[in-house]
Amino acid sequence: MRPRFITFEGIDGAGKSTHVPWVADRLRARGIDVVTTREPGGAALSERLRELILHEKMPFDTEALLIFAARLVHLQGVVRPALAAERWVLCDRFTDSTYAYQGGGRGMPAERIAILEAWTHGNLQPDRTYLFDLPADEAERRRGAVRPADRFEMEDLGFFERVRAAYLDRCRNDPRRFLLIDGRQSIDDIHALLDEDIATICSTKD
Ligand code: ADP
Ligand code: TYD
């Protein structure tokens with residue numbers, strides 16, 4: 001079976017990190033070799049850039065450029081080698097996050113993000129993207145319970161509403177790649193949906 005590149009997206013607190021290890025376990029139970037990783041980060045230099053991106057105040061354009069700089073290292077050092085070795089890659093956030101946060105949230109034109117995307121990984125796109133969708137106020141309640149806020153998580157509800165809208169827009173424009181998951185469902189119901197989707201992916205020959 002061809003190795004798959006699967007990404008997990010959604011606003012902070014929507015449930016991505018809860019489900020990445022679970023999907024990895026389900027795939028391993030099917031005998032699939034899986035690598036889990038995240039962005040920004042996932043490789044040594046990218047993790048150092050992540051610290052800056054999440055905690056250092058900077059111009060919005062610098063933020064976007066650093067995110068793609070970190071992405072390039074992560075792709076070259078981790079994602080591409082894994083796929084080349086027939087391993088599946090599960091990534092907590094990828095370029096859809098940039099369209100949603102830097103585009104929808106910060107107001108950067110999508111055309112500009114598209115130029116950086118083409119430069120960094122024009123020939124590599126996720127095979128499948130799980131979008132965890134949750135109203136911004138509910139996501140804020142959930143993440144408030146578990147961790148201190150980084151630079152993005154300190155943004156107001158309006159920011160997260162714009163991020164959410166940008167995600168939903170991308171999902172509507174690429175319904176084959178995205179699976180939209182209503183994050184208000186129970187974790188068990190989401191597991192059932194994911195299980196069904198994994199079964200479909202694993203039975204697809206291409
Ligand atoms: P993200 O990685 O998208 O920021 P998390 O997976 O860390 O979000 O989830 C944020 C919080 O919400 C965690 O405490 C998690 O246990 C909880 N959570 C995740 N999914 C659900 C769900 N479907 N229903 C209720 N709580 C959830
Ligand atoms: P994340 O790892 O989901 O945070 P946490 O560890 O708190 O769950 O993501 C870190 C933040 O980076 C998140 O608020 C969104 C932001 N981000 C962007 O703004 N653009 C991007 O392209 C990526 C990958 C992340």
# chains A, B, ... in the order shown; residues from 1 in each chain; ligands from 1
$ residues_near_ligand --ligand "ligand 2" --cutoff "7 Å" --atoms "only C-alpha atoms and all ligand atoms" --output "list in words"
Asp12, Ser17, Arg38, Glu39, Pro40, Leu54, Ile67, Asp92, Arg93, Phe94, Thr95, Asp96, Ser97, Thr98, Tyr101, Gln102, Asp150, Phe152 and Glu153 of chain A
$ residues_around --residues "stretch 112-127 of chain A" --least-positions-apart "4" --cutoff "6 Å" --atoms "only C-alpha atoms" --output "JSON, numbers by chain"
{"A": [5, 6, 72]}
$ closest_residue --among "A:Gly105, A:Gly183, A:Gly31, A:Gly10" --to "A:Phe160" --atoms "only C-alpha atoms"
A:Gly105
$ select_by_dssp --residues "stretch 29-166 of chain A" --states "strand (DSSP E)" --output "ChimeraX atom specification"
/A:34-38,88-92,128-133
$ closest_atom_pairs --of "chain A" --to "ligand 1" --cutoff "8 Å" --atoms "only C-alpha atoms and all ligand atoms" --output "CSV"
residue,atom,partner,partner_atom_place_in_ligand_line,distance
A:Glu9,CA,ligand 1,3 (O),7.3
A:Gly10,CA,ligand 1,3 (O),6.0
A:Ile11,CA,ligand 1,3 (O),6.2
A:Asp12,CA,ligand 1,4 (O),3.9
A:Gly13,CA,ligand 1,4 (O),3.4
A:Ala14,CA,ligand 1,3 (O),3.9
A:Gly15,CA,ligand 1,6 (O),3.3
A:Lys16,CA,ligand 1,3 (O),3.7
A:Ser17,CA,ligand 1,2 (O),3.6
A:Thr18,CA,ligand 1,6 (O),3.7
A:His19,CA,ligand 1,6 (O),6.6
A:Asp92,CA,ligand 1,2 (O),7.8
A:Phe132,CA,ligand 1,3 (O),7.3
A:Ala139,CA,ligand 1,10 (C),7.2
A:Arg142,CA,ligand 1,11 (C),4.6
A:Arg143,CA,ligand 1,10 (C),5.0
A:Ala145,CA,ligand 1,14 (O),6.5
A:Val146,CA,ligand 1,14 (O),5.6
A:Gly183,CA,ligand 1,23 (N),5.3
A:Arg184,CA,ligand 1,23 (N),5.7
A:Gln185,CA,ligand 1,23 (N),5.2
A:Ser186,CA,ligand 1,23 (N),4.3
A:Ile187,CA,ligand 1,23 (N),4.1
A:Asp188,CA,ligand 1,23 (N),7.7
A:Asp189,CA,ligand 1,23 (N),8.0
A:Ile190,CA,ligand 1,23 (N),6.8
$ write_last_selection --atoms "N, CA and C atoms" --output "JSON list (two decimals), in the first residue's frame"
[["chain", "number", "residue", "atom", "x", "y", "z"],
["A", 9, "GLU", "N", -6.07, 19.19, 11.52],
["A", 9, "GLU", "CA", -6.20, 20.65, 11.56],
["A", 9, "GLU", "C", -7.37, 21.07, 12.43],
["A", 10, "GLY", "N", -7.35, 22.34, 12.81],
["A", 10, "GLY", "CA", -8.45, 22.91, 13.59],
["A", 10, "GLY", "C", -7.93, 24.01, 14.49],
["A", 11, "ILE", "N", -8.85, 24.81, 15.03],
["A", 11, "ILE", "CA", -8.41, 25.88, 15.93],
["A", 11, "ILE", "C", -7.89, 25.26, 17.23],
["A", 12, "ASP", "N", -7.11, 26.02, 17.97],
["A", 12, "ASP", "CA", -6.53, 25.52, 19.23],
["A", 12, "ASP", "C", -7.65, 25.05, 20.16],
["A", 13, "GLY", "N", -7.53, 23.83, 20.64],
["A", 13, "GLY", "CA", -8.52, 23.30, 21.58],
["A", 13, "GLY", "C", -9.60, 22.46, 20.91],
["A", 14, "ALA", "N", -9.52, 22.31, 19.57],
["A", 14, "ALA", "CA", -10.60, 21.60, 18.85],
["A", 14, "ALA", "C", -10.50, 20.08, 18.98],
["A", 15, "GLY", "N", -9.30, 19.56, 19.36],
["A", 15, "GLY", "CA", -9.20, 18.11, 19.59],
["A", 15, "GLY", "C", -8.16, 17.37, 18.76],
["A", 16, "LYS", "N", -7.33, 18.09, 18.03],
["A", 16, "LYS", "CA", -6.34, 17.42, 17.17],
["A", 16, "LYS", "C", -5.42, 16.50, 17.95],
["A", 17, "SER", "N", -4.77, 17.07, 18.97],
["A", 17, "SER", "CA", -3.73, 16.31, 19.68],
["A", 17, "SER", "C", -4.30, 15.08, 20.39],
["A", 18, "THR", "N", -5.59, 15.15, 20.74],
["A", 18, "THR", "CA", -6.23, 14.00, 21.38],
["A", 18, "THR", "C", -6.30, 12.83, 20.40],
["A", 19, "HIS", "N", -6.47, 13.14, 19.10],
["A", 19, "HIS", "CA", -6.74, 12.07, 18.14],
["A", 19, "HIS", "C", -5.55, 11.58, 17.35],
["A", 92, "ASP", "N", 0.39, 16.78, 13.06],
["A", 92, "ASP", "CA", -0.47, 17.69, 13.80],
["A", 92, "ASP", "C", -0.19, 19.09, 13.27],
["A", 132, "PHE", "N", -10.91, 19.31, 12.54],
["A", 132, "PHE", "CA", -11.74, 19.31, 13.75],
["A", 132, "PHE", "C", -12.34, 20.70, 13.89],
["A", 139, "ALA", "N", -13.91, 26.04, 22.07],
["A", 139, "ALA", "CA", -12.49, 25.68, 22.00],
["A", 139, "ALA", "C", -11.71, 26.41, 23.09],
["A", 142, "ARG", "N", -12.25, 24.69, 26.36],
["A", 142, "ARG", "CA", -11.52, 23.41, 26.47],
["A", 142, "ARG", "C", -10.03, 23.63, 26.71],
["A", 143, "ARG", "N", -9.43, 24.57, 26.00],
["A", 143, "ARG", "CA", -7.98, 24.69, 26.18],
["A", 143, "ARG", "C", -7.64, 25.43, 27.47],
["A", 145, "ALA", "N", -8.73, 24.84, 30.20],
["A", 145, "ALA", "CA", -8.66, 23.84, 31.27],
["A", 145, "ALA", "C", -7.31, 23.14, 31.31],
["A", 146, "VAL", "N", -6.56, 23.15, 30.21],
["A", 146, "VAL", "CA", -5.39, 22.27, 30.18],
["A", 146, "VAL", "C", -4.02, 22.93, 30.09],
["A", 183, "GLY", "N", -16.39, 18.76, 16.14],
["A", 183, "GLY", "CA", -15.68, 18.53, 17.40],
["A", 183, "GLY", "C", -16.58, 18.53, 18.63],
["A", 184, "ARG", "N", -17.87, 18.87, 18.44],
["A", 184, "ARG", "CA", -18.79, 18.84, 19.59],
["A", 184, "ARG", "C", -19.24, 17.42, 19.91],
["A", 185, "GLN", "N", -18.97, 16.50, 18.99],
["A", 185, "GLN", "CA", -19.33, 15.10, 19.24],
["A", 185, "GLN", "C", -18.45, 14.51, 20.34],
["A", 186, "SER", "N", -18.90, 13.39, 20.89],
["A", 186, "SER", "CA", -18.10, 12.74, 21.93],
["A", 186, "SER", "C", -16.83, 12.16, 21.30],
["A", 187, "ILE", "N", -15.82, 11.95, 22.13],
["A", 187, "ILE", "CA", -14.57, 11.36, 21.64],
["A", 187, "ILE", "C", -14.86, 9.98, 21.02],
["A", 188, "ASP", "N", -15.76, 9.21, 21.63],
["A", 188, "ASP", "CA", -16.09, 7.88, 21.07],
["A", 188, "ASP", "C", -16.70, 8.00, 19.68],
["A", 189, "ASP", "N", -17.59, 8.97, 19.49],
["A", 189, "ASP", "CA", -18.22, 9.13, 18.17],
["A", 189, "ASP", "C", -17.17, 9.55, 17.13],
["A", 190, "ILE", "N", -16.24, 10.40, 17.55],
["A", 190, "ILE", "CA", -15.18, 10.82, 16.62],
["A", 190, "ILE", "C", -14.28, 9.63, 16.27]]
$ closest_residue --among "A:Pro109, A:Pro175, A:Gly41, A:Gly103" --to "A:Leu75" --atoms "only C-alpha atoms"
A:Gly41
$ closest_residue --among "A:Phe8, A:Phe178, A:Tyr167, A:Trp22" --to "A:Tyr99" --atoms "only C-alpha atoms"
A:Tyr167
$ atom_distance --atom1 "atom CA of A:Arg30" --atom2 "atom CA of A:Cys202"
9.0 Å
$ decode --residues "stretch 20-35 of chain A" --atoms "N, CA, C and O atoms" --output "PDB file, in the first residue's frame"
ATOM      1  N   VAL A  20      -4.462  12.369  17.275  1.00  0.00           N
ATOM      2  CA  VAL A  20      -3.296  11.915  16.493  1.00  0.00           C
ATOM      3  C   VAL A  20      -2.757  10.580  17.025  1.00  0.00           C
ATOM      4  O   VAL A  20      -2.618   9.617  16.254  1.00  0.00           O
ATOM      5  N   PRO A  21      -2.463  10.460  18.339  1.00  0.00           N
ATOM      6  CA  PRO A  21      -1.918   9.181  18.822  1.00  0.00           C
ATOM      7  C   PRO A  21      -2.904   8.029  18.663  1.00  0.00           C
ATOM      8  O   PRO A  21      -2.504   6.890  18.421  1.00  0.00           O
ATOM      9  N   TRP A  22      -4.192   8.342  18.759  1.00  0.00           N
ATOM     10  CA  TRP A  22      -5.205   7.296  18.615  1.00  0.00           C
ATOM     11  C   TRP A  22      -5.209   6.758  17.184  1.00  0.00           C
ATOM     12  O   TRP A  22      -5.206   5.540  16.979  1.00  0.00           O
ATOM     13  N   VAL A  23      -5.178   7.653  16.201  1.00  0.00           N
ATOM     14  CA  VAL A  23      -5.142   7.202  14.798  1.00  0.00           C
ATOM     15  C   VAL A  23      -3.856   6.414  14.545  1.00  0.00           C
ATOM     16  O   VAL A  23      -3.870   5.369  13.874  1.00  0.00           O
ATOM     17  N   ALA A  24      -2.742   6.891  15.108  1.00  0.00           N
ATOM     18  CA  ALA A  24      -1.468   6.177  14.927  1.00  0.00           C
ATOM     19  C   ALA A  24      -1.596   4.741  15.450  1.00  0.00           C
ATOM     20  O   ALA A  24      -1.187   3.787  14.780  1.00  0.00           O
ATOM     21  N   ASP A  25      -2.209   4.576  16.618  1.00  0.00           N
ATOM     22  CA  ASP A  25      -2.374   3.228  17.190  1.00  0.00           C
ATOM     23  C   ASP A  25      -3.259   2.351  16.309  1.00  0.00           C
ATOM     24  O   ASP A  25      -2.980   1.158  16.122  1.00  0.00           O
ATOM     25  N   ARG A  26      -4.312   2.941  15.784  1.00  0.00           N
ATOM     26  CA  ARG A  26      -5.220   2.159  14.921  1.00  0.00           C
ATOM     27  C   ARG A  26      -4.504   1.695  13.661  1.00  0.00           C
ATOM     28  O   ARG A  26      -4.719   0.588  13.187  1.00  0.00           O
ATOM     29  N   LEU A  27      -3.672   2.570  13.102  1.00  0.00           N
ATOM     30  CA  LEU A  27      -2.936   2.186  11.888  1.00  0.00           C
ATOM     31  C   LEU A  27      -1.905   1.108  12.225  1.00  0.00           C
ATOM     32  O   LEU A  27      -1.738   0.134  11.478  1.00  0.00           O
ATOM     33  N   ARG A  28      -1.224   1.271  13.355  1.00  0.00           N
ATOM     34  CA  ARG A  28      -0.216   0.262  13.753  1.00  0.00           C
ATOM     35  C   ARG A  28      -0.872  -1.090  13.959  1.00  0.00           C
ATOM     36  O   ARG A  28      -0.290  -2.128  13.642  1.00  0.00           O
ATOM     37  N   ALA A  29      -2.097  -1.070  14.494  1.00  0.00           N
ATOM     38  CA  ALA A  29      -2.816  -2.331  14.694  1.00  0.00           C
ATOM     39  C   ALA A  29      -3.080  -3.037  13.363  1.00  0.00           C
ATOM     40  O   ALA A  29      -3.294  -4.247  13.322  1.00  0.00           O
ATOM     41  N   ARG A  30      -3.064  -2.273  12.287  1.00  0.00           N
ATOM     42  CA  ARG A  30      -3.222  -2.864  10.949  1.00  0.00           C
ATOM     43  C   ARG A  30      -1.871  -3.225  10.339  1.00  0.00           C
ATOM     44  O   ARG A  30      -1.784  -3.532   9.156  1.00  0.00           O
ATOM     45  N   GLY A  31      -0.803  -3.093  11.128  1.00  0.00           N
ATOM     46  CA  GLY A  31       0.527  -3.469  10.635  1.00  0.00           C
ATOM     47  C   GLY A  31       1.210  -2.374   9.836  1.00  0.00           C
ATOM     48  O   GLY A  31       2.202  -2.614   9.136  1.00  0.00           O
ATOM     49  N   ILE A  32       0.685  -1.142   9.926  1.00  0.00           N
ATOM     50  CA  ILE A  32       1.268  -0.029   9.158  1.00  0.00           C
ATOM     51  C   ILE A  32       2.325   0.675  10.001  1.00  0.00           C
ATOM     52  O   ILE A  32       2.137   0.905  11.205  1.00  0.00           O
ATOM     53  N   ASP A  33       3.439   1.014   9.355  1.00  0.00           N
ATOM     54  CA  ASP A  33       4.533   1.719  10.024  1.00  0.00           C
ATOM     55  C   ASP A  33       4.207   3.220   9.994  1.00  0.00           C
ATOM     56  O   ASP A  33       4.045   3.805   8.921  1.00  0.00           O
ATOM     57  N   VAL A  34       4.096   3.833  11.173  1.00  0.00           N
ATOM     58  CA  VAL A  34       3.588   5.206  11.267  1.00  0.00           C
ATOM     59  C   VAL A  34       4.581   6.122  11.975  1.00  0.00           C
ATOM     60  O   VAL A  34       5.178   5.744  12.980  1.00  0.00           O
ATOM     61  N   VAL A  35       4.741   7.327  11.448  1.00  0.00           N
ATOM     62  CA  VAL A  35       5.512   8.378  12.112  1.00  0.00           C
ATOM     63  C   VAL A  35       4.531   9.475  12.501  1.00  0.00           C
ATOM     64  O   VAL A  35       3.740   9.909  11.663  1.00  0.00           O
TER      65      VAL A  35
END
